[in-house]
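K.L.:
Attaching a single structure in structure tokens format; questions to follow.
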Amino acid sequence: TQSTWVFGDIPLKLTEQFIHDILLYLSRLRLLLNAMVVKSSFVSKSCEIHKIDIDGVTDLVDKLVTGIYIEDDDIEAHQLELKMLQKRYKDVFTVALTKTQIQAIVAVVGLSKGHWFKCPNDHFYAIGDCGGAQEKCPECNPPR
């Protein structure tokens, strides 16, 4: 079957297979981007990372860059694996701010004490004049 998409004034007829292929390609690009972020973070802190984890991410990036086919089901599995690595090595992905940097951020945002919160996963967030803290961290559990 075909779907008609309109870009500007130009109607395009795209097959379902073509749309599926584009979405799959975008999933692979997202996987490559996430793997490269993890790899670059690992390389900068290689002394703190197990070699097997560095090698695994490096192999994944190499496969994606060289165009080796990755099955649809494997894309999601690799994404989950990258998330697990980010959790395992969360200190590598956490940016430590100096006291001066924190003060500058607070000054720019313009909210005083009592507006800033920290969730159990160490995510900081601010709440303006809405009347109280949300039960869920916007980083861990974005509002629906």
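Residues are referred to by chain and number: the chain letter is A, B, ... according to the order shown in the structure tokens, the number counts from 1 in that chain, and ligands are numbered separately from 1 in the order shown.
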Which neighbours of Gly114 in chain A fall inside 9 Å, counting only C-alpha atoms, when residues of the same chain fewer than 2 positions from it are skipped, and could you give them as a list in words?

P.N.:
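Those residues are Leu111, Ser112, Trp116, Phe117, Ala126 and Ile127 of chain A.
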
K.L.:
Tell me, which residues of chain A carry DSSP strand (DSSP E), written as number ranges by chain?

P.N.:
A: 2-7, 10-15, 116-118, 124-126

K.L.:
Residues within 12 Å of Lys87 in chain A, please, as a PyMOL selection string. Count only C-alpha atoms; anything in the same chain fewer than 6 positions from it doesn't count.

P.N.:
chain A and resi 38+80-81+93-94+121

K.L.:
Those selected residues, please, written with all heavy atoms and delivered as a PDB file, in the first residue's frame.

P.N.:
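Produced file result.pdb, reproduced below:
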```
ATOM      1  N   VAL A  38      28.554   7.062  24.127  1.00  0.00           N
ATOM      2  CA  VAL A  38      29.090   6.170  25.159  1.00  0.00           C
ATOM      3  C   VAL A  38      30.572   5.913  24.913  1.00  0.00           C
ATOM      4  O   VAL A  38      31.388   6.003  25.830  1.00  0.00           O
ATOM      5  CB  VAL A  38      28.291   4.840  25.197  1.00  0.00           C
ATOM      6  CG1 VAL A  38      28.974   3.818  26.093  1.00  0.00           C
ATOM      7  CG2 VAL A  38      26.869   5.093  25.675  1.00  0.00           C
ATOM      8  N   LEU A  80      19.216  -0.939  24.749  1.00  0.00           N
ATOM      9  CA  LEU A  80      19.087  -1.300  26.166  1.00  0.00           C
ATOM     10  C   LEU A  80      20.452  -1.564  26.788  1.00  0.00           C
ATOM     11  O   LEU A  80      20.707  -1.173  27.932  1.00  0.00           O
ATOM     12  CB  LEU A  80      18.179  -2.524  26.320  1.00  0.00           C
ATOM     13  CG  LEU A  80      16.697  -2.290  26.043  1.00  0.00           C
ATOM     14  CD1 LEU A  80      15.940  -3.611  26.052  1.00  0.00           C
ATOM     15  CD2 LEU A  80      16.101  -1.317  27.038  1.00  0.00           C
ATOM     16  N   GLU A  81      21.325  -2.205  26.030  1.00  0.00           N
ATOM     17  CA  GLU A  81      22.674  -2.474  26.520  1.00  0.00           C
ATOM     18  C   GLU A  81      23.422  -1.156  26.788  1.00  0.00           C
ATOM     19  O   GLU A  81      24.108  -1.017  27.801  1.00  0.00           O
ATOM     20  CB  GLU A  81      23.430  -3.314  25.495  1.00  0.00           C
ATOM     21  CG  GLU A  81      24.808  -3.726  25.928  1.00  0.00           C
ATOM     22  CD  GLU A  81      25.520  -4.552  24.854  1.00  0.00           C
ATOM     23  OE1 GLU A  81      24.844  -5.181  24.033  1.00  0.00           O
ATOM     24  OE2 GLU A  81      26.760  -4.547  24.877  1.00  0.00           O
ATOM     25  N   PHE A  93      29.253   9.550  33.068  1.00  0.00           N
ATOM     26  CA  PHE A  93      28.303  10.370  32.325  1.00  0.00           C
ATOM     27  C   PHE A  93      27.765  11.537  33.138  1.00  0.00           C
ATOM     28  O   PHE A  93      26.966  12.315  32.654  1.00  0.00           O
ATOM     29  CB  PHE A  93      27.148   9.504  31.827  1.00  0.00           C
ATOM     30  CG  PHE A  93      27.599   8.445  30.880  1.00  0.00           C
ATOM     31  CD1 PHE A  93      27.894   7.171  31.321  1.00  0.00           C
ATOM     32  CD2 PHE A  93      27.761   8.737  29.544  1.00  0.00           C
ATOM     33  CE1 PHE A  93      28.327   6.190  30.448  1.00  0.00           C
ATOM     34  CE2 PHE A  93      28.190   7.760  28.660  1.00  0.00           C
ATOM     35  CZ  PHE A  93      28.478   6.488  29.109  1.00  0.00           C
ATOM     36  N   THR A  94      28.198  11.659  34.385  1.00  0.00           N
ATOM     37  CA  THR A  94      27.751  12.741  35.242  1.00  0.00           C
ATOM     38  C   THR A  94      28.748  13.886  35.164  1.00  0.00           C
ATOM     39  O   THR A  94      29.944  13.687  35.329  1.00  0.00           O
ATOM     40  CB  THR A  94      27.639  12.255  36.708  1.00  0.00           C
ATOM     41  OG1 THR A  94      26.744  11.146  36.743  1.00  0.00           O
ATOM     42  CG2 THR A  94      27.133  13.353  37.608  1.00  0.00           C
ATOM     43  N   ASN A 121      17.950   9.566  41.991  1.00  0.00           N
ATOM     44  CA  ASN A 121      18.962   9.240  40.988  1.00  0.00           C
ATOM     45  C   ASN A 121      19.932  10.398  40.757  1.00  0.00           C
ATOM     46  O   ASN A 121      20.620  10.448  39.741  1.00  0.00           O
ATOM     47  CB  ASN A 121      18.309   8.841  39.665  1.00  0.00           C
ATOM     48  CG  ASN A 121      17.575   7.532  39.773  1.00  0.00           C
ATOM     49  OD1 ASN A 121      18.018   6.623  40.465  1.00  0.00           O
ATOM     50  ND2 ASN A 121      16.450   7.423  39.108  1.00  0.00           N
TER      51      ASN A 121
END
```

K.L.:
Give the helix (DSSP H, G or I) residues of chain A, as assigned by DSSP on the backbone, as a ChimeraX atom specification.

P.N.:
/A:16-44,46-48,51-66,72-88,90-93,99-109

K.L.:
Taking only C-alpha atoms into account, name the residue in A:Ser40, A:Arg88, A:His50, A:Tyr125 that is nearest to Val106 in chain A.

P.N.:
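Among the listed residues, A:Tyr125 lies closest to Val106 in chain A.
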
K.L.:
Need the shell around Lys39 in chain A: protein/DNA/RNA residues with any atom at most 8 Å away, counting only C-alpha atoms. Skip same-chain ones fewer than 4 positions apart. Format as a list in words?

P.N.:
Ala35, Val43, Ile54, Val57 and Thr58 of chain A

K.L.:
Using all heavy atoms, can you export the residues from the last selection as a PDB file, in the first residue's frame?

P.N.:
```pdb
ATOM      1  N   ALA A  35      25.771   5.104  20.672  1.00  0.00           N
ATOM      2  CA  ALA A  35      26.996   4.311  20.856  1.00  0.00           C
ATOM      3  C   ALA A  35      28.229   5.207  20.803  1.00  0.00           C
ATOM      4  O   ALA A  35      29.181   5.013  21.569  1.00  0.00           O
ATOM      5  CB  ALA A  35      27.075   3.218  19.791  1.00  0.00           C
ATOM      6  N   VAL A  43      36.274   6.530  26.306  1.00  0.00           N
ATOM      7  CA  VAL A  43      37.649   6.820  25.919  1.00  0.00           C
ATOM      8  C   VAL A  43      38.245   7.890  26.834  1.00  0.00           C
ATOM      9  O   VAL A  43      39.403   7.798  27.239  1.00  0.00           O
ATOM     10  CB  VAL A  43      37.718   7.262  24.436  1.00  0.00           C
ATOM     11  CG1 VAL A  43      39.071   7.844  24.091  1.00  0.00           C
ATOM     12  CG2 VAL A  43      37.405   6.078  23.531  1.00  0.00           C
ATOM     13  N   ILE A  54      34.425  -1.459  26.872  1.00  0.00           N
ATOM     14  CA  ILE A  54      34.979  -0.561  25.847  1.00  0.00           C
ATOM     15  C   ILE A  54      35.007  -1.275  24.502  1.00  0.00           C
ATOM     16  O   ILE A  54      34.584  -0.723  23.477  1.00  0.00           O
ATOM     17  CB  ILE A  54      36.399  -0.079  26.229  1.00  0.00           C
ATOM     18  CG1 ILE A  54      36.340   0.808  27.472  1.00  0.00           C
ATOM     19  CG2 ILE A  54      37.047   0.670  25.068  1.00  0.00           C
ATOM     20  CD1 ILE A  54      37.698   1.180  28.039  1.00  0.00           C
ATOM     21  N   VAL A  57      31.411  -1.666  22.926  1.00  0.00           N
ATOM     22  CA  VAL A  57      30.893  -0.435  22.333  1.00  0.00           C
ATOM     23  C   VAL A  57      31.680  -0.091  21.068  1.00  0.00           C
ATOM     24  O   VAL A  57      31.097   0.316  20.056  1.00  0.00           O
ATOM     25  CB  VAL A  57      30.934   0.728  23.355  1.00  0.00           C
ATOM     26  CG1 VAL A  57      30.574   2.041  22.697  1.00  0.00           C
ATOM     27  CG2 VAL A  57      29.998   0.441  24.514  1.00  0.00           C
ATOM     28  N   THR A  58      32.984  -0.274  21.100  1.00  0.00           N
ATOM     29  CA  THR A  58      33.813  -0.001  19.918  1.00  0.00           C
ATOM     30  C   THR A  58      33.399  -0.896  18.760  1.00  0.00           C
ATOM     31  O   THR A  58      33.271  -0.429  17.614  1.00  0.00           O
ATOM     32  CB  THR A  58      35.305  -0.199  20.252  1.00  0.00           C
ATOM     33  OG1 THR A  58      35.656   0.706  21.299  1.00  0.00           O
ATOM     34  CG2 THR A  58      36.182   0.059  19.045  1.00  0.00           C
TER      35      THR A  58
END
```

K.L.:
Rounded to one decimal in Å, what is the spacing between CA of Lys118 in chain A and CA of Cys137 in chain A?

P.N.:
8.1 Å

K.L.:
Would you please work out which residue, of A:Thr66, A:Ser41, A:Gln79, A:Gln103, is nearest to Asp91 in chain A when using only C-alpha atoms?

P.N.:
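The shortest atom-to-atom distance to Asp91 in chain A comes from A:Ser41.
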
K.L.:
Restricting the calculation to only C-alpha atoms: of A:Glu48, A:Asp72, A:Asp59, A:Asp9, which residue gets closest to Leu24 in chain A?

P.N.:
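Smallest distance to Leu24 in chain A is found for A:Asp72.
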
K.L.:
Would you kindly return, as a ChimeraX atom specification, each protein, DNA or RNA residue with an atom no farther than 12 Å from any atom of Leu29 in chain A, considering only C-alpha atoms and excluding same-chain residues fewer than 4 positions away?

P.N.:
/A:22-25,33-36,61,63-65,67,70,75,79

K.L.:
Between A:His78, A:His123, A:Ile10, A:Ser44, which has the minimum distance to Leu32 in chain A (counting only C-alpha atoms)?

P.N.:
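Going through A:His78, A:His123, A:Ile10, A:Ser44 one by one, the smallest distance to Leu32 in chain A is for A:His78.
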